[in-house]
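Novice: Before anything else, here's the structure in question.
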Amino acid sequence: MGQQAIDVFRSCIPLLQALSDPARQDIILLLAEHDHLTVNEITEHSTLSRPAISHHLKILRDNQLVAIEQKGTQRLYSLALEPSVGLLKQLIHTVESTCDL
C-alpha cells in the first residue's frame, strides 16, 4: 500500500472516531429526520444532558457532519454530510484500487 493510501486512511481517523460513538450516531439519525433542530430539541429526544449533547454536536461540527445556522438567539443544527461523505468515498476508492478484493 502506497503513501497516498496511508494518507487517506490517516485523514479519515477523526471522522471515523466521530462516527463510532452511539450518541453521535443517534444525533445524526435524529437530524436526518428533521430539517434542523436546536440543542434543546435534540436533548428532548435523548437521555443525555444538554452539555453532553453540545459536546457531541461540537465533535460532529468539527468533523463537518453538522452545520449551524444562527437565527436570532437560536442556533439551528442540520446535517452537512457532503464533505465527510466525499472523504469516505475517497477512502473506499483507495481501498478498492490498492487492495486485492
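So you can find residues: chains in the C-alpha cells are A, B, ... in the order shown, residues in each start at 1, and ligands are numbered from 1 in order.
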Would you return as a ChimeraX atom specification the members of chain A that DSSP assigns to alpha helix (DSSP H) on this structure's backbone?

Specialist: /A:3-19,22-32,39-44,50-62,82-98

Novice: Could you pull the residues within 9 Å of Ala5 (chain A), counting only C-alpha atoms, minus those fewer than 3 positions along the same chain, as a PyMOL selection string?

Specialist: chain A and resi 1-2+8-10+91+94-95+98

Novice: Those same residues - N, CA, C and O atoms - I'd like them written as a compact mmCIF listing (two decimals), in the first residue's frame.

Specialist:
```
# COMPACT_ATOMS: atom_id res chain seq x y z
N MET A 1 0.85 -1.17 0.00
CA MET A 1 0.00 0.00 0.00
C MET A 1 0.90 1.23 0.00
O MET A 1 1.82 1.33 0.79
N GLY A 2 0.60 2.17 -0.88
CA GLY A 2 1.44 3.34 -1.02
C GLY A 2 1.16 4.42 0.02
O GLY A 2 0.21 4.34 0.80
N VAL A 8 -4.72 8.78 3.07
CA VAL A 8 -6.18 8.80 3.04
C VAL A 8 -6.74 8.14 4.30
O VAL A 8 -7.65 8.67 4.95
N PHE A 9 -6.18 6.99 4.64
CA PHE A 9 -6.61 6.32 5.88
C PHE A 9 -6.44 7.23 7.09
O PHE A 9 -7.34 7.38 7.91
N ARG A 10 -5.26 7.84 7.19
CA ARG A 10 -4.98 8.70 8.35
C ARG A 10 -5.92 9.91 8.40
O ARG A 10 -6.35 10.32 9.46
N LEU A 91 -11.82 7.19 0.58
CA LEU A 91 -11.26 6.03 1.29
C LEU A 91 -11.67 4.73 0.61
O LEU A 91 -10.84 3.85 0.38
N THR A 94 -9.80 4.32 -2.60
CA THR A 94 -8.40 3.97 -2.33
C THR A 94 -8.27 2.50 -1.96
O THR A 94 -7.38 1.80 -2.47
N VAL A 95 -9.16 2.01 -1.11
CA VAL A 95 -9.12 0.60 -0.73
C VAL A 95 -9.37 -0.27 -1.96
O VAL A 95 -8.64 -1.26 -2.18
N THR A 98 -6.22 -0.18 -4.32
CA THR A 98 -4.90 -0.59 -3.84
C THR A 98 -4.89 -1.96 -3.16
O THR A 98 -3.81 -2.50 -2.93
```

Novice: From a DSSP calculation on the backbone, collect every residue of chain A in strand (DSSP E or B) and output the set as a ChimeraX atom specification.

Specialist: /A:37,66-71,74-79

Novice: Can you list, as a PyMOL selection string, every protein, DNA or RNA residue that comes within 10 Å of region 70-74 of chain A when you count only C-alpha atoms, leaving out same-chain residues fewer than 5 positions away?

Specialist: chain A and resi 37-40

Novice: What is the distance between CA of Gln4 (chain A) and CA of His93 (chain A), in Å to one decimal?

Specialist: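 Rounded to one decimal, the two atoms are 11.8 Å apart.
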
Novice: Expressed in Å to a single decimal, how great is the separation between CA of Ile68 (chain A) and CA of Ile42 (chain A)?

Specialist: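 Taking CA of Ile68 (chain A) and CA of Ile42 (chain A), their separation equals 13.5 Å.
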
Novice: So that I can check the surroundings of region 48-60 of chain A, please list as a count of residues only every protein, DNA and RNA residue that reaches within 12 Å of it, counting only C-alpha atoms and ignoring chain neighbours fewer than 2 positions away.

Specialist: 41

Novice: Which value, in Å to one decimal, gives the distance between CA of Ser11 (chain A) and CA of Ala32 (chain A)?

Specialist: 24.8 Å
